[in-house]
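Here is the structure we will look at.
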Amino acid sequence: MKIATWNVNSIRARHDRALAWLDKHRPDVRCLQELKVIDDVFPVEAMAEAGYHAAVHGQKTYNGVAILSRSEPADVQRGLDDDVDDPQARLIAAEIEGVHVLSAYVPNGQEVGSDKWAYKLAWFERLGAYLDRRFSPTDAVVLCGDLNVAPDDTDVANPEPWADSVLCHPDARDALERVRAWGLVDVFRKHHPAGGIYSWWDYRRLAFPKNDGLRIDHILATEPMAKRSTDAAVDRDERKGTKPSDHAPVIAEFT
DNA sequence: ATGGTTGCTTAGCAA
């Protein structure tokens, strides 16, 4: 079972790339983030023609997440389903072939100390509570998405200038670690323990040609699924060429 | 050198 995740940075701007990637890689499941469209605008028919079901939790202009799958998804759930009044579409979950797959777009946080930063840290807490409420670490669960945190400095090409950024701040790393410690394995890390492989490069400052990247897109899995994982990769080529997303897809293989 | 890019929506925000 091949599971991929990609922050598309607008499904309208990435429509053709998204379809070309599906045809080339044929994953069983593909999680998407930052759709930037309402449900009605998501290209459900084009995905169906490519052979994929689409479970969509859209939002106008910002955010929006989806799960594409070759087999029909069951038990689709949108949002964190807690008592917080939150209009931002950042989580969708579905069961696919017995595996609970989550597509998450964790808040960026904008600037350490800002309101958006507090929302980011709180969102991680709410995600942890959601996992604990809905699942057990012995279930087959795969959490995919743009988690907007580089877990440690091996995931950052140039750690020094990023040290106190929203992507690397110790409080952000602690927040991700608390979610992971519930019972998740960093599947990409399992196969690439040395680090030095990134999933996001800023559009500015020639970050991609200089490989000034960070690994902030992740595939985390509970132990039963982590045991089934055989390989993981970043498709760096997808960041090349005209009109790429600023994120590259991450892919994991499971038996 | 206090910069630079992209996308959505149309000048300002978010990333």
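Each chain in the structure tokens gets a letter, A, B and so on, in the order shown; residues start at 1 in every chain, and ligands are counted from 1 in the order they appear.
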For chain A against chain B, which residues fall within 7 Å using only C-alpha atoms (C1' of nucleotides), given as JSON, numbers by chain?
{"A": [61, 203, 204, 205]}
Among segment 60-177 of chain A, which ones does DSSP place in alpha helix (DSSP H), written as number ranges by chain?
A: 115-134, 159-162, 170-177
Segment 29-44 of chain A environment, 6 Å, only C-alpha atoms (C1' of nucleotides), sequence neighbours closer than 6 positions dropped, as number ranges by chain:
A: 3-7, 9-11, 58-69, 103, 105
Next, dump the selected residues to file, keeping only N, CA, C and O atoms, as a PDB file, in the first residue's frame.
ATOM      1  N   ILE A   3       1.200   5.220   0.282  1.00  0.00           N
ATOM      2  CA  ILE A   3       0.502   6.394   0.807  1.00  0.00           C
ATOM      3  C   ILE A   3       1.395   7.613   0.603  1.00  0.00           C
ATOM      4  O   ILE A   3       2.572   7.602   0.978  1.00  0.00           O
ATOM      5  N   ALA A   4       0.822   8.671   0.004  1.00  0.00           N
ATOM      6  CA  ALA A   4       1.584   9.894  -0.278  1.00  0.00           C
ATOM      7  C   ALA A   4       0.894  11.089   0.360  1.00  0.00           C
ATOM      8  O   ALA A   4      -0.309  11.054   0.634  1.00  0.00           O
ATOM      9  N   THR A   5       1.665  12.145   0.598  1.00  0.00           N
ATOM     10  CA  THR A   5       1.105  13.406   1.104  1.00  0.00           C
ATOM     11  C   THR A   5       1.779  14.563   0.395  1.00  0.00           C
ATOM     12  O   THR A   5       2.978  14.515   0.108  1.00  0.00           O
ATOM     13  N   TRP A   6       0.978  15.610   0.116  1.00  0.00           N
ATOM     14  CA  TRP A   6       1.516  16.762  -0.632  1.00  0.00           C
ATOM     15  C   TRP A   6       0.729  18.016  -0.292  1.00  0.00           C
ATOM     16  O   TRP A   6      -0.502  18.029  -0.392  1.00  0.00           O
ATOM     17  N   ASN A   7       1.444  19.056   0.096  1.00  0.00           N
ATOM     18  CA  ASN A   7       0.845  20.388   0.210  1.00  0.00           C
ATOM     19  C   ASN A   7       0.899  21.010  -1.180  1.00  0.00           C
ATOM     20  O   ASN A   7       1.976  21.326  -1.685  1.00  0.00           O
ATOM     21  N   ASN A   9      -0.520  23.865  -2.285  1.00  0.00           N
ATOM     22  CA  ASN A   9      -0.564  25.328  -2.352  1.00  0.00           C
ATOM     23  C   ASN A   9      -1.480  25.781  -3.487  1.00  0.00           C
ATOM     24  O   ASN A   9      -1.027  26.397  -4.452  1.00  0.00           O
ATOM     25  N   SER A  10      -2.759  25.450  -3.347  1.00  0.00           N
ATOM     26  CA  SER A  10      -3.848  25.729  -4.292  1.00  0.00           C
ATOM     27  C   SER A  10      -4.031  24.587  -5.299  1.00  0.00           C
ATOM     28  O   SER A  10      -3.174  24.367  -6.156  1.00  0.00           O
ATOM     29  N   ILE A  11      -5.155  23.893  -5.193  1.00  0.00           N
ATOM     30  CA  ILE A  11      -5.440  22.802  -6.145  1.00  0.00           C
ATOM     31  C   ILE A  11      -5.762  23.359  -7.522  1.00  0.00           C
ATOM     32  O   ILE A  11      -5.535  22.689  -8.539  1.00  0.00           O
ATOM     33  N   GLY A  58     -13.015  21.388   2.282  1.00  0.00           N
ATOM     34  CA  GLY A  58     -12.486  22.582   1.641  1.00  0.00           C
ATOM     35  C   GLY A  58     -12.772  23.856   2.416  1.00  0.00           C
ATOM     36  O   GLY A  58     -13.549  23.870   3.377  1.00  0.00           O
ATOM     37  N   GLN A  59     -12.116  24.925   1.971  1.00  0.00           N
ATOM     38  CA  GLN A  59     -12.312  26.250   2.547  1.00  0.00           C
ATOM     39  C   GLN A  59     -11.907  27.275   1.498  1.00  0.00           C
ATOM     40  O   GLN A  59     -10.937  27.070   0.761  1.00  0.00           O
ATOM     41  N   LYS A  60     -12.657  28.367   1.436  1.00  0.00           N
ATOM     42  CA  LYS A  60     -12.339  29.437   0.494  1.00  0.00           C
ATOM     43  C   LYS A  60     -11.022  30.117   0.865  1.00  0.00           C
ATOM     44  O   LYS A  60     -10.791  30.409   2.044  1.00  0.00           O
ATOM     45  N   THR A  61     -10.165  30.320  -0.114  1.00  0.00           N
ATOM     46  CA  THR A  61      -8.931  31.119  -0.017  1.00  0.00           C
ATOM     47  C   THR A  61      -7.805  30.461   0.770  1.00  0.00           C
ATOM     48  O   THR A  61      -6.651  30.482   0.341  1.00  0.00           O
ATOM     49  N   TYR A  62      -8.122  29.932   1.948  1.00  0.00           N
ATOM     50  CA  TYR A  62      -7.076  29.384   2.819  1.00  0.00           C
ATOM     51  C   TYR A  62      -7.368  27.921   3.185  1.00  0.00           C
ATOM     52  O   TYR A  62      -8.526  27.484   3.157  1.00  0.00           O
ATOM     53  N   ASN A  63      -6.304  27.220   3.550  1.00  0.00           N
ATOM     54  CA  ASN A  63      -6.443  25.870   4.125  1.00  0.00           C
ATOM     55  C   ASN A  63      -7.163  24.911   3.170  1.00  0.00           C
ATOM     56  O   ASN A  63      -7.069  25.068   1.970  1.00  0.00           O
ATOM     57  N   GLY A  64      -7.872  23.955   3.701  1.00  0.00           N
ATOM     58  CA  GLY A  64      -8.534  22.945   2.880  1.00  0.00           C
ATOM     59  C   GLY A  64      -7.661  21.710   2.749  1.00  0.00           C
ATOM     60  O   GLY A  64      -6.466  21.803   2.426  1.00  0.00           O
ATOM     61  N   VAL A  65      -8.258  20.534   3.037  1.00  0.00           N
ATOM     62  CA  VAL A  65      -7.518  19.263   3.003  1.00  0.00           C
ATOM     63  C   VAL A  65      -8.374  18.206   2.301  1.00  0.00           C
ATOM     64  O   VAL A  65      -9.595  18.331   2.237  1.00  0.00           O
ATOM     65  N   ALA A  66      -7.709  17.181   1.782  1.00  0.00           N
ATOM     66  CA  ALA A  66      -8.430  16.112   1.090  1.00  0.00           C
ATOM     67  C   ALA A  66      -7.679  14.806   1.222  1.00  0.00           C
ATOM     68  O   ALA A  66      -6.477  14.788   1.544  1.00  0.00           O
ATOM     69  N   ILE A  67      -8.409  13.714   0.979  1.00  0.00           N
ATOM     70  CA  ILE A  67      -7.796  12.392   0.868  1.00  0.00           C
ATOM     71  C   ILE A  67      -8.313  11.758  -0.419  1.00  0.00           C
ATOM     72  O   ILE A  67      -9.520  11.605  -0.604  1.00  0.00           O
ATOM     73  N   LEU A  68      -7.381  11.435  -1.315  1.00  0.00           N
ATOM     74  CA  LEU A  68      -7.703  10.702  -2.540  1.00  0.00           C
ATOM     75  C   LEU A  68      -7.369   9.235  -2.318  1.00  0.00           C
ATOM     76  O   LEU A  68      -6.355   8.930  -1.689  1.00  0.00           O
ATOM     77  N   SER A  69      -8.206   8.355  -2.853  1.00  0.00           N
ATOM     78  CA  SER A  69      -7.923   6.930  -2.675  1.00  0.00           C
ATOM     79  C   SER A  69      -8.473   6.117  -3.829  1.00  0.00           C
ATOM     80  O   SER A  69      -9.523   6.441  -4.386  1.00  0.00           O
ATOM     81  N   SER A 103      -5.322  13.410   6.929  1.00  0.00           N
ATOM     82  CA  SER A 103      -4.620  14.458   6.192  1.00  0.00           C
ATOM     83  C   SER A 103      -4.722  15.744   6.999  1.00  0.00           C
ATOM     84  O   SER A 103      -5.816  16.280   7.190  1.00  0.00           O
ATOM     85  N   TYR A 105      -3.281  19.720   8.021  1.00  0.00           N
ATOM     86  CA  TYR A 105      -2.517  20.933   7.712  1.00  0.00           C
ATOM     87  C   TYR A 105      -2.398  21.740   8.999  1.00  0.00           C
ATOM     88  O   TYR A 105      -3.282  22.512   9.367  1.00  0.00           O
TER      89      TYR A 105
END
Skipping near chain neighbours, those fewer than 4 positions away, what residues fall within 12 Å of Lys190 of chain A using only C-alpha atoms (C1' of nucleotides), listed as a PyMOL selection string?
chain A and resi 184-186+194-195+218-221+223+226-233+252
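You will find atom CA of Ala93 of chain A at 20.3 Å from atom CA of Asn108 of chain A.
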Run DSSP on the backbone and grab whatever in segment 6-229 of chain A lands in strand (DSSP E or B); send it over as a PDB file with C-alpha atoms, in the first residue's frame.
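Produced file states-v8.pdb, reproduced below:
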ATOM      1  CA  TRP A   6       1.516  16.762  -0.632  1.00  0.00           C
ATOM      2  CA  ASN A   7       0.845  20.388   0.210  1.00  0.00           C
ATOM      3  CA  VAL A  29      -3.827   6.972  -1.016  1.00  0.00           C
ATOM      4  CA  ARG A  30      -2.850  10.588  -1.534  1.00  0.00           C
ATOM      5  CA  CYS A  31      -3.358  13.215   1.166  1.00  0.00           C
ATOM      6  CA  LEU A  32      -3.522  16.848   0.034  1.00  0.00           C
ATOM      7  CA  GLN A  33      -3.256  20.114   1.961  1.00  0.00           C
ATOM      8  CA  HIS A  53     -12.246   8.798  -4.891  1.00  0.00           C
ATOM      9  CA  ALA A  54     -11.979  12.180  -3.181  1.00  0.00           C
ATOM     10  CA  ALA A  55     -12.926  12.996   0.412  1.00  0.00           C
ATOM     11  CA  VAL A  56     -12.730  16.781   0.674  1.00  0.00           C
ATOM     12  CA  HIS A  57     -12.840  19.305   3.505  1.00  0.00           C
ATOM     13  CA  VAL A  65      -7.518  19.263   3.003  1.00  0.00           C
ATOM     14  CA  ALA A  66      -8.430  16.112   1.090  1.00  0.00           C
ATOM     15  CA  ILE A  67      -7.796  12.392   0.868  1.00  0.00           C
ATOM     16  CA  LEU A  68      -7.703  10.702  -2.540  1.00  0.00           C
ATOM     17  CA  SER A  69      -7.923   6.930  -2.675  1.00  0.00           C
ATOM     18  CA  ALA A  74     -15.316   4.806   4.740  1.00  0.00           C
ATOM     19  CA  ASP A  75     -16.035   6.751   7.909  1.00  0.00           C
ATOM     20  CA  VAL A  76     -14.994  10.165   6.536  1.00  0.00           C
ATOM     21  CA  GLN A  77     -14.684  12.752   9.313  1.00  0.00           C
ATOM     22  CA  ARG A  78     -13.959  16.447   8.870  1.00  0.00           C
ATOM     23  CA  LEU A  91      -8.080  17.950   9.139  1.00  0.00           C
ATOM     24  CA  ILE A  92      -9.879  15.150   7.334  1.00  0.00           C
ATOM     25  CA  ALA A  93      -9.832  11.468   8.244  1.00  0.00           C
ATOM     26  CA  ALA A  94     -11.027   8.367   6.403  1.00  0.00           C
ATOM     27  CA  GLU A  95     -10.722   4.608   6.659  1.00  0.00           C
ATOM     28  CA  ILE A  96      -9.226   3.029   3.558  1.00  0.00           C
ATOM     29  CA  VAL A  99      -6.261   1.808   7.610  1.00  0.00           C
ATOM     30  CA  HIS A 100      -7.271   5.071   9.305  1.00  0.00           C
ATOM     31  CA  VAL A 101      -5.660   7.832   7.239  1.00  0.00           C
ATOM     32  CA  LEU A 102      -5.513  11.474   8.378  1.00  0.00           C
ATOM     33  CA  SER A 103      -4.620  14.458   6.192  1.00  0.00           C
ATOM     34  CA  ALA A 104      -3.555  17.368   8.405  1.00  0.00           C
ATOM     35  CA  TYR A 105      -2.517  20.933   7.712  1.00  0.00           C
ATOM     36  CA  VAL A 141      -3.421   4.808  11.887  1.00  0.00           C
ATOM     37  CA  VAL A 142      -1.356   6.911   9.461  1.00  0.00           C
ATOM     38  CA  LEU A 143      -1.122  10.661  10.103  1.00  0.00           C
ATOM     39  CA  CYS A 144       0.014  12.520   6.988  1.00  0.00           C
ATOM     40  CA  GLY A 145       0.436  16.149   6.209  1.00  0.00           C
ATOM     41  CA  ASP A 146       2.130  19.492   6.381  1.00  0.00           C
ATOM     42  CA  VAL A 156      17.052  21.622   8.350  1.00  0.00           C
ATOM     43  CA  LEU A 184       3.359   7.266  16.374  1.00  0.00           C
ATOM     44  CA  VAL A 185       6.548   6.458  14.463  1.00  0.00           C
ATOM     45  CA  ASP A 186       8.129   8.930  12.037  1.00  0.00           C
ATOM     46  CA  TRP A 200       9.738  22.324   1.616  1.00  0.00           C
ATOM     47  CA  LEU A 214      13.297  21.842   5.763  1.00  0.00           C
ATOM     48  CA  ASP A 217       5.792  17.302   5.680  1.00  0.00           C
ATOM     49  CA  HIS A 218       5.428  14.009   7.457  1.00  0.00           C
ATOM     50  CA  ILE A 219       4.020  10.495   7.447  1.00  0.00           C
ATOM     51  CA  LEU A 220       3.616   9.207  11.012  1.00  0.00           C
ATOM     52  CA  ALA A 221       2.182   5.791  11.771  1.00  0.00           C
ATOM     53  CA  THR A 222       1.175   3.696  14.744  1.00  0.00           C
ATOM     54  CA  SER A 229       6.510   0.169   6.188  1.00  0.00           C
TER      55      SER A 229
END
